[in-house]
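Reviewing the structure listed below.
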Amino acid sequence: MDLSHTPEDEEFRARLRAWLATALPVLPPPPDPADWPARRARDLGWQRALYDAGYGELHWDASPTTRLIFLEETEAAGAPYVGANFVGLLHAGPTIAAEGTDGQRRRWLPPILRGEEVWCQGFSEPGAGSDLASLRTRARRDGDHYVVDGSKIWTSHAEVADWCELLVRTDPDAPRHRGISWLAMPMDAPGVTVRPLRTLAGSAEFAEVFLDGVRIPVANRVGAENDGWRVTMVTLSFERGTAFVGEVVACRRVLRELAAAARRDGRWDDAVLRRRLGRLNAEFLALWRLTQWNVSEAAAGGGVPGVGGSVFKLRYSHARQDLYDAAADVLGPGALDLDSPWVLDRLSSLSYTIAAGTSQIQRTIVAERMLGLPRGR
Amino acid sequence: MDLSHTPEDEEFRARLRAWLATALPVLPPPPDPADWPARRARDLGWQRALYDAGYGELHWDASPTTRLIFLEETEAAGAPYVGANFVGLLHAGPTIAAEGTDGQRRRWLPPILRGEEVWCQGFSEPGAGSDLASLRTRARRDGDHYVVDGSKIWTSHAEVADWCELLVRTDPDAPRHRGISWLAMPMDAPGVTVRPLRTLAGSAEFAEVFLDGVRIPVANRVGAENDGWRVTMVTLSFERGTAFVGEVVACRRVLRELAAAARRDGRWDDAVLRRRLGRLNAEFLALWRLTQWNVSEAAAGGGVPGVGGSVFKLRYSHARQDLYDAAADVLGPGALDLDSPWVLDRLSSLSYTIAAGTSQIQRTIVAERMLGLPRGR
Amino acid sequence: MRFQLTEDQTALRRATRDLLERRFGERERRAAAGGGSLDRALWRTLGDAGFFALCLPERDGGVGLGFPEAVLVFEEAGRALLTGPLIATLRAAGEVPGAASGETVVAAADGWTVEWLAAADVARPDTADAVAVRSVDPLTPLHRVARAARVDPVAVLLTAAEQLGTAVRVCELAVQHARTREQFGRPIGAFQAVQHLCAGLLVRAETARAAVYAAAVTGARTDIAAARLLADEAAVDGARDCLQVHGGMGFTWESEVHLHLKRAWVRAGRGGGGAAAEEALAAALTA
Amino acid sequence: MRFQLTEDQTALRRATRDLLERRFGERERRAAAGGGSLDRALWRTLGDAGFFALCLPERDGGVGLGFPEAVLVFEEAGRALLTGPLIATLRAAGEVPGAASGETVVAAADGWTVEWLAAADVARPDTADAVAVRSVDPLTPLHRVARAARVDPVAVLLTAAEQLGTAVRVCELAVQHARTREQFGRPIGAFQAVQHLCAGLLVRAETARAAVYAAAVTGARTDIAAARLLADEAAVDGARDCLQVHGGMGFTWESEVHLHLKRAWVRAGRGGGGAAAEEALAAALTA
């Protein structure tokens, strides 16, 4: 058991920290959240700056411990997170890196790392949420193209994306999990329609994507035909694994901000609130240690996080909701004001027990795959 | 909506209260909890006193509102609860009253009401707990007798019982729920062996009962042969319905005792504890109101409580555990001392989410029977 | 003791539900959530129906009913997500001219906030220093005041009734969705995890119902305090669990679910929040 | 950063588990629960194995290992329900003659209680006024002291390790039972309600593990405070849920489950309980 880093890693941390101190002050201020092109431009610009400084591929092409330090330091410094590059850097990119051909890697990975192309995710469908394998978007083969019809939902950044990692059904007669393929779809292809989807937080981070006879080259398929489910599981294990490192660091900062706010306005004298914040401090400290544990396991085991990510995601998504409920307690009547800090984050925290596998689904995964309990049905 | 009682009911309350003031001081003190014959004698004596004073059959042969007042007043006065008469008064008795023949009612009900005979319950088996319908205790017909082989568990007061309400399988080939019958078994019949079962509370309230070729007259069957499941459901609905009225009154008294204890030793200054007790006060006040609601519904609807009892039992069993956890907080280190007040009750409260249908089973009942959700499996 | 509703009470509830379904259905609710102003015609319809004059004695031109009836009506208002300063206007009936009839819309500071201040004709008590905030609930415009207003126990009771309405409604919505939404080849309501979420929704709603109705009957402070705690819990936790049952489908702006959660949050903040009720109930234990 | 166990640490854990299975298995545990006294022979075996001298420097005749190793050993002790004043004796090693070797049994006041006072050869600090109580845990005799003893952070850390052991063990027990117990024609572990209870057990245990191991590595006060809160929760709530999974079968005196719950309660009371840790962690947020 060792939580210290190698001299090389500590040197990396020092260099990164120094670079952040120069790079962040010249970063343009965050644009209006509703201005998608401006957000895209800023996020890509930051990715380009990271790339130019040699930090471009830390999201997947580094040792897990180096990546941990990268996320820890960038978040602590208040640097932007992946933003519009989210799917490219954390989902599609790692999947292409692990499962794509050399040609596919050469075509798609550099533009992601250089901040030139934005990806979005076309997995969920109105009728296929928790039960992703029931997806119905259909791809028929027509020569060296697939012709795709169907619709996708909860596609983030779709309005400004260049590519979509798309799950389609290529064999409707095969068992559910066996007839799915993974395609890279250009978002400007004829037949693609994007309709923004307003969430309960009032924002339009997501969209519905309608596909009407969209032609996608067969060469854009990553992995074998009908092997898309396995390819997808690789992607999802990333999502459930270490994708939340930066968020845990951020939550710990929010907790300190809450304590400071409570101290300022006298609510700190309320023992119920104070001890609640103390308990949340324990919670997020433990989540940070669990993150380190998972990263350390990944470093030892080869990089792809295992089902252990479900344990983390379960605990974290509820802790995050508890954190923002505590924030509402600190805010008092201010919790009803969308302009108060933390209020929009509280709203979006509501999705954490639902998105990327509901808590119910995660518990079943833990029970059946980690604990070996018999399959329910 | 009216929570006031009729003048007749209030007059009943006044009479009962006056009688309790004279009857309780002459009641012998509680015996050693391990002395079963002495406990039986005291419990039967109290039932006899109630009977002689005209209160003997209030547990089932009175209007629900009168019974509510009876339970409220006896508990408030610190009178003993049903004790060894538990099964006779609250399970077997009401079942015989509802489902028995005239002859059966004449044979078994008066001795229960007069405090002459004690009943125990032979439902659960080692292999049939939540899934009661899977019970395997077998009854073969032999002339005008059944010959019974098998074993029962969680039989309370078995050592001092005269009769056992026994569920047996009379048709092993029928669907599970269709081959069960309800028998009244004399506990002194040859082939009945009782082995006390020590619980985690250290006490032996329960026993295992082994049945080896026990001969029971066919005339002791209540309800039709193989119709025992329906008969049982009548009994269980009593158990889950209003059987807890006295306990809610008692819990509210415990809550006041906790507050008084906390005030005495300074823990009252701890806002976390104090507000926790305040919230429990709301909880048990609501449970009292829910009890009144259920009783009022029963009074309007004919007496047999419906599945609504599951709502009450679910909420109450968890509230009771919360109450005794709060008691542990009030006690501080005293919570580790079996001689402190409330500690043994805390231990026995652990069974509340398990006995008479686990919380998991109750939630399924609520979901499927009250909310009409599709049957899971 | 006949705790259940009388026939008149059942009829009153039915009539209120019918009126609200007719006049404040999904269409009107969506329009309001889009940022609409107070619907004055609806307000007068409510006034004509006796909504605001419910508890006003008949000699003062009121309907002359008691808190039990008011609680039933406000449960329906909560269920329907009815908008406007309903409680403030009802409490002003008989004191502010036109309030009882729905001609005058009255806003009132309650705890740290005032709802619907800009839309109101009269505001009480003093709300001169009130500052507009961007309300988390798209159906409830909010202002904030600098000093907490005195808490009105009747407003607390009626708020609890509204929360009960939300609790009942989100249980219905969850059950409807669980019955019809299919995943893994069957309705999600056939999965125990979903079944048990729904069971929890019903248990909380029914427990809150008993507490709220009893508080209406007795009018006692401890009963009201208990009712508010139970009803806040049933509404807020209920809306959360309803959202969980709906999954992504409940996360869209078009869904009704988030409106219940946000309204439940707004109501839970009335009267300065629930901590005072906890303290009062603790104090009552040693009284 | 290599947070996982080294090979030596894995071997130490394995050896400890083997020793305890051999010397404190179900038979010995049942005997102890029947009211047995401290097993002096076992105590000396533990001493010979270096159990009490673990953290004592080699120059003082100790094993010279660190807190990470001690935490692994005490996790196993917790898992096995090992009896006796283990932590007090370990902390006395090097100060009280014979403690390190298991010759001398040392009891110590911790918070408001002393465990195993009557069986001990030495008691510290002053326990003259200690009064025997009838312990809720049949495996842990208790005395109570009049003034709370000073809290030893190392004892808190090792207690958290024991709680972790309980959390891991009750998860195992619940899963074993859920796999084998059949109701409604299949193992109860095929029901989501039971599956999800078991999943919760694992999540709490694994979160506590990360916190406890990290606290052992850093030795920092906030890490130790967090470890105790998480481990107390994982042990107490875990034992409760394990009992729920077992149903009636876990409610008998013969079952192992209640012993874990009762021991978890005893340990959660050490160091005066968890409230101080919550306050310390709150204070750390504004430091």
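So you can find residues: chains in the structure tokens are A, B, ... in the order shown, residues in each start at 1, and ligands are numbered from 1 in order.
Residues from chain C that have an atom within 7 Å of chain A, counting only C-alpha atoms, are Trp112, Val133, Arg134, Ser135, Val136, Gln183, Phe184, Ala193, Gln244, Gly247, Gly248, Phe251, Thr252, Trp253, His258, Val266 and Gly269 of chain C.
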Would you give me, as JSON, numbers by chain, the residues of chain A that come within 12 Å of chain B, using only C-alpha atoms? {"A": [269, 270, 271, 272, 273, 274, 275, 276, 376, 377]}
Once you count only C-alpha atoms, which residues of chain C turn out to be within 9 Å of chain D? Could you give them as a PyMOL selection string? chain C and resi 191-193+196
Can you pull out every residue within 9 Å of Ala277 of chain C, counting only C-alpha atoms, but drop anything in the same chain fewer than 6 positions away, and send it as a list in words? Arg275, Gly278 and Arg279 of chain B; Thr222, Ile224, Ala225, Ala226, Arg228 and Leu229 of chain C
Would you save the residues of that selection, restricted to all heavy atoms, as a PDB file, in the first residue's frame?
```pdb
ATOM      1  N   ARG B 275     -33.340  17.071  17.430  1.00  0.00           N
ATOM      2  CA  ARG B 275     -34.169  17.141  16.219  1.00  0.00           C
ATOM      3  C   ARG B 275     -34.522  15.755  15.706  1.00  0.00           C
ATOM      4  O   ARG B 275     -35.578  15.555  15.108  1.00  0.00           O
ATOM      5  CB  ARG B 275     -33.483  17.997  15.165  1.00  0.00           C
ATOM      6  CG  ARG B 275     -33.672  19.494  15.502  1.00  0.00           C
ATOM      7  CD  ARG B 275     -32.893  20.408  14.628  1.00  0.00           C
ATOM      8  NE  ARG B 275     -33.147  20.170  13.212  1.00  0.00           N
ATOM      9  CZ  ARG B 275     -32.472  20.779  12.237  1.00  0.00           C
ATOM     10  NH1 ARG B 275     -31.537  21.661  12.538  1.00  0.00           N
ATOM     11  NH2 ARG B 275     -32.748  20.516  10.978  1.00  0.00           N
ATOM     12  N   GLY B 278     -37.431  14.880  17.693  1.00  0.00           N
ATOM     13  CA  GLY B 278     -38.575  15.645  17.186  1.00  0.00           C
ATOM     14  C   GLY B 278     -39.164  15.002  15.943  1.00  0.00           C
ATOM     15  O   GLY B 278     -40.386  14.865  15.801  1.00  0.00           O
ATOM     16  N   ARG B 279     -38.287  14.555  15.062  1.00  0.00           N
ATOM     17  CA  ARG B 279     -38.763  13.910  13.832  1.00  0.00           C
ATOM     18  C   ARG B 279     -39.439  12.575  14.147  1.00  0.00           C
ATOM     19  O   ARG B 279     -40.442  12.215  13.532  1.00  0.00           O
ATOM     20  CB  ARG B 279     -37.580  13.722  12.877  1.00  0.00           C
ATOM     21  CG  ARG B 279     -37.962  13.370  11.476  1.00  0.00           C
ATOM     22  CD  ARG B 279     -36.848  13.623  10.469  1.00  0.00           C
ATOM     23  NE  ARG B 279     -36.945  14.929   9.863  1.00  0.00           N
ATOM     24  CZ  ARG B 279     -37.756  15.225   8.837  1.00  0.00           C
ATOM     25  NH1 ARG B 279     -38.528  14.299   8.313  1.00  0.00           N
ATOM     26  NH2 ARG B 279     -37.806  16.430   8.343  1.00  0.00           N
TER      27      ARG B 279
ATOM     28  N   THR C 222     -48.865  20.587  17.303  1.00  0.00           N
ATOM     29  CA  THR C 222     -47.989  19.429  17.088  1.00  0.00           C
ATOM     30  C   THR C 222     -48.469  18.621  15.890  1.00  0.00           C
ATOM     31  O   THR C 222     -47.653  18.131  15.110  1.00  0.00           O
ATOM     32  CB  THR C 222     -47.928  18.514  18.332  1.00  0.00           C
ATOM     33  OG1 THR C 222     -49.260  18.262  18.775  1.00  0.00           O
ATOM     34  CG2 THR C 222     -47.138  19.148  19.454  1.00  0.00           C
ATOM     35  N   ILE C 224     -49.953  19.810  13.289  1.00  0.00           N
ATOM     36  CA  ILE C 224     -49.576  20.562  12.085  1.00  0.00           C
ATOM     37  C   ILE C 224     -48.080  20.419  11.809  1.00  0.00           C
ATOM     38  O   ILE C 224     -47.656  20.217  10.673  1.00  0.00           O
ATOM     39  CB  ILE C 224     -49.993  22.047  12.215  1.00  0.00           C
ATOM     40  CG1 ILE C 224     -51.525  22.166  12.193  1.00  0.00           C
ATOM     41  CG2 ILE C 224     -49.379  22.879  11.094  1.00  0.00           C
ATOM     42  CD1 ILE C 224     -52.046  23.581  12.419  1.00  0.00           C
ATOM     43  N   ALA C 225     -47.292  20.481  12.874  1.00  0.00           N
ATOM     44  CA  ALA C 225     -45.841  20.331  12.686  1.00  0.00           C
ATOM     45  C   ALA C 225     -45.517  18.952  12.124  1.00  0.00           C
ATOM     46  O   ALA C 225     -44.698  18.806  11.210  1.00  0.00           O
ATOM     47  CB  ALA C 225     -45.113  20.560  14.018  1.00  0.00           C
ATOM     48  N   ALA C 226     -46.165  17.918  12.669  1.00  0.00           N
ATOM     49  CA  ALA C 226     -45.927  16.563  12.170  1.00  0.00           C
ATOM     50  C   ALA C 226     -46.377  16.458  10.716  1.00  0.00           C
ATOM     51  O   ALA C 226     -45.681  15.875   9.874  1.00  0.00           O
ATOM     52  CB  ALA C 226     -46.658  15.538  13.035  1.00  0.00           C
ATOM     53  N   ARG C 228     -46.514  18.705   8.441  1.00  0.00           N
ATOM     54  CA  ARG C 228     -45.621  19.359   7.488  1.00  0.00           C
ATOM     55  C   ARG C 228     -44.374  18.517   7.244  1.00  0.00           C
ATOM     56  O   ARG C 228     -43.916  18.389   6.106  1.00  0.00           O
ATOM     57  CB  ARG C 228     -45.255  20.775   7.923  1.00  0.00           C
ATOM     58  CG  ARG C 228     -43.965  20.920   8.684  1.00  0.00           C
ATOM     59  CD  ARG C 228     -43.346  22.308   8.477  1.00  0.00           C
ATOM     60  NE  ARG C 228     -42.661  22.360   7.192  1.00  0.00           N
ATOM     61  CZ  ARG C 228     -42.221  23.454   6.616  1.00  0.00           C
ATOM     62  NH1 ARG C 228     -42.422  24.618   7.196  1.00  0.00           N
ATOM     63  NH2 ARG C 228     -41.596  23.414   5.468  1.00  0.00           N
ATOM     64  N   LEU C 229     -43.819  17.920   8.299  1.00  0.00           N
ATOM     65  CA  LEU C 229     -42.608  17.113   8.112  1.00  0.00           C
ATOM     66  C   LEU C 229     -42.899  15.891   7.241  1.00  0.00           C
ATOM     67  O   LEU C 229     -42.155  15.569   6.327  1.00  0.00           O
ATOM     68  CB  LEU C 229     -42.036  16.680   9.462  1.00  0.00           C
ATOM     69  CG  LEU C 229     -41.417  17.796  10.312  1.00  0.00           C
ATOM     70  CD1 LEU C 229     -40.944  17.238  11.654  1.00  0.00           C
ATOM     71  CD2 LEU C 229     -40.253  18.455   9.577  1.00  0.00           C
TER      72      LEU C 229
END
```
So that I can check the secondary structure, give me every residue of segment 157-268 of chain C assigned strand (DSSP E or B) by backbone DSSP, as a ChimeraX atom specification. /C:182-183,186-187,252
File of the preceding selection, C-alpha atoms, as a compact mmCIF listing (two decimals), in the first residue's frame:
```txt
# COMPACT_ATOMS: atom_id res chain seq x y z
CA GLU C 182 -41.13 -1.83 -21.28
CA GLN C 183 -37.48 -2.73 -20.98
CA ARG C 186 -41.56 -6.59 -19.94
CA PRO C 187 -43.04 -3.62 -18.10
CA THR C 252 -37.05 16.29 -20.09
```
Can you tell me, as a PDB file with all heavy atoms, in the first residue's frame, what residues are no more than 9 Å from Leu167 of chain B when counting only C-alpha atoms, ignoring any on the same chain fewer than 6 positions away?
```pdb
ATOM      1  N   GLN B 121     -48.634 -20.727  17.312  1.00  0.00           N
ATOM      2  CA  GLN B 121     -48.806 -20.711  15.862  1.00  0.00           C
ATOM      3  C   GLN B 121     -47.812 -21.650  15.185  1.00  0.00           C
ATOM      4  O   GLN B 121     -46.609 -21.506  15.374  1.00  0.00           O
ATOM      5  CB  GLN B 121     -48.618 -19.294  15.339  1.00  0.00           C
ATOM      6  CG  GLN B 121     -48.987 -19.137  13.876  1.00  0.00           C
ATOM      7  CD  GLN B 121     -48.674 -17.742  13.359  1.00  0.00           C
ATOM      8  OE1 GLN B 121     -47.519 -17.361  13.214  1.00  0.00           O
ATOM      9  NE2 GLN B 121     -49.707 -16.968  13.086  1.00  0.00           N
ATOM     10  N   GLY B 122     -48.298 -22.583  14.409  1.00  0.00           N
ATOM     11  CA  GLY B 122     -47.439 -23.500  13.657  1.00  0.00           C
ATOM     12  C   GLY B 122     -47.555 -23.235  12.174  1.00  0.00           C
ATOM     13  O   GLY B 122     -48.185 -24.012  11.446  1.00  0.00           O
ATOM     14  N   PHE B 123     -46.990 -22.134  11.736  1.00  0.00           N
ATOM     15  CA  PHE B 123     -47.048 -21.767  10.313  1.00  0.00           C
ATOM     16  C   PHE B 123     -45.688 -21.994   9.639  1.00  0.00           C
ATOM     17  O   PHE B 123     -45.532 -22.851   8.799  1.00  0.00           O
ATOM     18  CB  PHE B 123     -47.448 -20.293  10.160  1.00  0.00           C
ATOM     19  CG  PHE B 123     -48.921 -20.004  10.324  1.00  0.00           C
ATOM     20  CD1 PHE B 123     -49.786 -20.930  10.885  1.00  0.00           C
ATOM     21  CD2 PHE B 123     -49.446 -18.776   9.931  1.00  0.00           C
ATOM     22  CE1 PHE B 123     -51.146 -20.655  11.041  1.00  0.00           C
ATOM     23  CE2 PHE B 123     -50.799 -18.492  10.074  1.00  0.00           C
ATOM     24  CZ  PHE B 123     -51.647 -19.423  10.629  1.00  0.00           C
ATOM     25  N   SER B 124     -44.689 -21.172  10.047  1.00  0.00           N
ATOM     26  CA  SER B 124     -43.378 -21.218   9.388  1.00  0.00           C
ATOM     27  C   SER B 124     -42.707 -22.570   9.568  1.00  0.00           C
ATOM     28  O   SER B 124     -42.915 -23.257  10.568  1.00  0.00           O
ATOM     29  CB  SER B 124     -42.455 -20.151   9.978  1.00  0.00           C
ATOM     30  OG  SER B 124     -42.958 -18.870   9.747  1.00  0.00           O
ATOM     31  N   LEU B 135     -44.776 -24.780   2.407  1.00  0.00           N
ATOM     32  CA  LEU B 135     -44.670 -25.627   3.615  1.00  0.00           C
ATOM     33  C   LEU B 135     -44.847 -27.103   3.272  1.00  0.00           C
ATOM     34  O   LEU B 135     -45.586 -27.483   2.356  1.00  0.00           O
ATOM     35  CB  LEU B 135     -45.680 -25.182   4.661  1.00  0.00           C
ATOM     36  CG  LEU B 135     -47.174 -25.266   4.348  1.00  0.00           C
ATOM     37  CD1 LEU B 135     -47.756 -26.617   4.762  1.00  0.00           C
ATOM     38  CD2 LEU B 135     -47.903 -24.159   5.113  1.00  0.00           C
ATOM     39  N   THR B 137     -44.998 -29.743   5.919  1.00  0.00           N
ATOM     40  CA  THR B 137     -45.534 -30.606   6.965  1.00  0.00           C
ATOM     41  C   THR B 137     -46.761 -31.329   6.404  1.00  0.00           C
ATOM     42  O   THR B 137     -47.698 -30.694   5.927  1.00  0.00           O
ATOM     43  CB  THR B 137     -45.879 -29.785   8.220  1.00  0.00           C
ATOM     44  OG1 THR B 137     -44.656 -29.342   8.797  1.00  0.00           O
ATOM     45  CG2 THR B 137     -46.646 -30.622   9.236  1.00  0.00           C
ATOM     46  N   ILE B 180     -53.376 -27.001   1.114  1.00  0.00           N
ATOM     47  CA  ILE B 180     -53.042 -26.704   2.511  1.00  0.00           C
ATOM     48  C   ILE B 180     -54.314 -26.698   3.360  1.00  0.00           C
ATOM     49  O   ILE B 180     -55.356 -26.225   2.906  1.00  0.00           O
ATOM     50  CB  ILE B 180     -52.326 -25.339   2.597  1.00  0.00           C
ATOM     51  CG1 ILE B 180     -50.954 -25.434   1.899  1.00  0.00           C
ATOM     52  CG2 ILE B 180     -52.183 -24.871   4.043  1.00  0.00           C
ATOM     53  CD1 ILE B 180     -50.254 -24.108   1.723  1.00  0.00           C
ATOM     54  N   SER B 181     -54.225 -27.215   4.578  1.00  0.00           N
ATOM     55  CA  SER B 181     -55.364 -27.150   5.494  1.00  0.00           C
ATOM     56  C   SER B 181     -54.937 -26.576   6.843  1.00  0.00           C
ATOM     57  O   SER B 181     -53.768 -26.617   7.209  1.00  0.00           O
ATOM     58  CB  SER B 181     -55.975 -28.547   5.695  1.00  0.00           C
ATOM     59  OG  SER B 181     -56.438 -29.059   4.462  1.00  0.00           O
ATOM     60  N   TRP B 182     -55.920 -26.056   7.571  1.00  0.00           N
ATOM     61  CA  TRP B 182     -55.705 -25.379   8.861  1.00  0.00           C
ATOM     62  C   TRP B 182     -56.259 -26.284   9.954  1.00  0.00           C
ATOM     63  O   TRP B 182     -57.460 -26.579   9.953  1.00  0.00           O
ATOM     64  CB  TRP B 182     -56.466 -24.062   8.821  1.00  0.00           C
ATOM     65  CG  TRP B 182     -56.170 -23.001   9.858  1.00  0.00           C
ATOM     66  CD1 TRP B 182     -55.508 -21.838   9.654  1.00  0.00           C
ATOM     67  CD2 TRP B 182     -56.602 -22.971  11.240  1.00  0.00           C
ATOM     68  NE1 TRP B 182     -55.473 -21.088  10.803  1.00  0.00           N
ATOM     69  CE2 TRP B 182     -56.135 -21.761  11.799  1.00  0.00           C
ATOM     70  CE3 TRP B 182     -57.316 -23.860  12.056  1.00  0.00           C
ATOM     71  CZ2 TRP B 182     -56.364 -21.393  13.125  1.00  0.00           C
ATOM     72  CZ3 TRP B 182     -57.535 -23.504  13.392  1.00  0.00           C
ATOM     73  CH2 TRP B 182     -57.059 -22.283  13.912  1.00  0.00           C
ATOM     74  N   LEU B 183     -55.397 -26.739  10.859  1.00  0.00           N
ATOM     75  CA  LEU B 183     -55.831 -27.651  11.913  1.00  0.00           C
ATOM     76  C   LEU B 183     -55.565 -27.065  13.292  1.00  0.00           C
ATOM     77  O   LEU B 183     -54.598 -26.321  13.484  1.00  0.00           O
ATOM     78  CB  LEU B 183     -55.058 -28.978  11.819  1.00  0.00           C
ATOM     79  CG  LEU B 183     -55.090 -29.748  10.500  1.00  0.00           C
ATOM     80  CD1 LEU B 183     -54.267 -31.030  10.638  1.00  0.00           C
ATOM     81  CD2 LEU B 183     -56.525 -30.066  10.090  1.00  0.00           C
ATOM     82  N   ALA B 184     -56.427 -27.413  14.238  1.00  0.00           N
ATOM     83  CA  ALA B 184     -56.166 -27.106  15.649  1.00  0.00           C
ATOM     84  C   ALA B 184     -55.561 -28.354  16.279  1.00  0.00           C
ATOM     85  O   ALA B 184     -56.223 -29.391  16.368  1.00  0.00           O
ATOM     86  CB  ALA B 184     -57.460 -26.713  16.356  1.00  0.00           C
ATOM     87  N   GLY B 228     -56.973 -24.190   3.346  1.00  0.00           N
ATOM     88  CA  GLY B 228     -56.294 -23.553   4.473  1.00  0.00           C
ATOM     89  C   GLY B 228     -55.568 -22.268   4.118  1.00  0.00           C
ATOM     90  O   GLY B 228     -55.368 -21.411   4.974  1.00  0.00           O
ATOM     91  N   TRP B 229     -55.165 -22.134   2.857  1.00  0.00           N
ATOM     92  CA  TRP B 229     -54.432 -20.916   2.486  1.00  0.00           C
ATOM     93  C   TRP B 229     -55.322 -19.692   2.624  1.00  0.00           C
ATOM     94  O   TRP B 229     -54.902 -18.664   3.162  1.00  0.00           O
ATOM     95  CB  TRP B 229     -53.897 -21.035   1.049  1.00  0.00           C
ATOM     96  CG  TRP B 229     -53.035 -19.862   0.684  1.00  0.00           C
ATOM     97  CD1 TRP B 229     -53.354 -18.821  -0.117  1.00  0.00           C
ATOM     98  CD2 TRP B 229     -51.712 -19.605   1.173  1.00  0.00           C
ATOM     99  NE1 TRP B 229     -52.325 -17.925  -0.178  1.00  0.00           N
ATOM    100  CE2 TRP B 229     -51.299 -18.381   0.616  1.00  0.00           C
ATOM    101  CE3 TRP B 229     -50.850 -20.272   2.042  1.00  0.00           C
ATOM    102  CZ2 TRP B 229     -50.059 -17.822   0.878  1.00  0.00           C
ATOM    103  CZ3 TRP B 229     -49.610 -19.722   2.306  1.00  0.00           C
ATOM    104  CH2 TRP B 229     -49.221 -18.506   1.730  1.00  0.00           C
ATOM    105  N   THR B 232     -55.793 -18.951   6.157  1.00  0.00           N
ATOM    106  CA  THR B 232     -54.572 -18.338   6.692  1.00  0.00           C
ATOM    107  C   THR B 232     -54.492 -16.862   6.360  1.00  0.00           C
ATOM    108  O   THR B 232     -54.059 -16.043   7.170  1.00  0.00           O
ATOM    109  CB  THR B 232     -53.349 -19.045   6.084  1.00  0.00           C
ATOM    110  OG1 THR B 232     -53.466 -20.428   6.386  1.00  0.00           O
ATOM    111  CG2 THR B 232     -52.064 -18.493   6.644  1.00  0.00           C
TER     112      THR B 232
END
```
Can you pull out every residue within 10 Å of Gln362 of chain B, counting only C-alpha atoms, but drop anything in the same chain fewer than 4 positions away, and send it as JSON, numbers by chain? {"B": [240, 307, 309, 310, 311, 312, 313, 314, 353, 354, 356, 357, 358, 366, 367, 368], "C": [196, 199]}
Backbone-only DSSP, alpha helix (DSSP H) members of segment 20-239 of chain A, as number ranges by chain: A: 20-23, 36-52, 64-76, 86-87, 93-99, 102-113, 228-239
Name the residues in contact with Ala119 of chain D at a cut-off of 8 Å, using only C-alpha atoms, excluding same-chain residues fewer than 3 positions from it; report them as JSON, numbers by chain. {"D": [37, 38, 105, 116]}
All residues 12 Å or closer to Glu75 of chain A, only C-alpha atoms, same chain fewer than 2 positions away omitted, as JSON, numbers by chain: {"A": [16, 17, 20, 24, 68, 69, 70, 71, 72, 73, 77, 78, 79, 80, 81, 82, 244, 245, 246, 247, 248, 249, 250, 251, 252, 253, 254]}
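Of the residues under consideration (C:Ala100, C:Ala174, C:Ala208, C:Leu54), C:Ala174 shows the shortest atom-to-atom contact distance to Asp241 of chain C when counting only C-alpha atoms.
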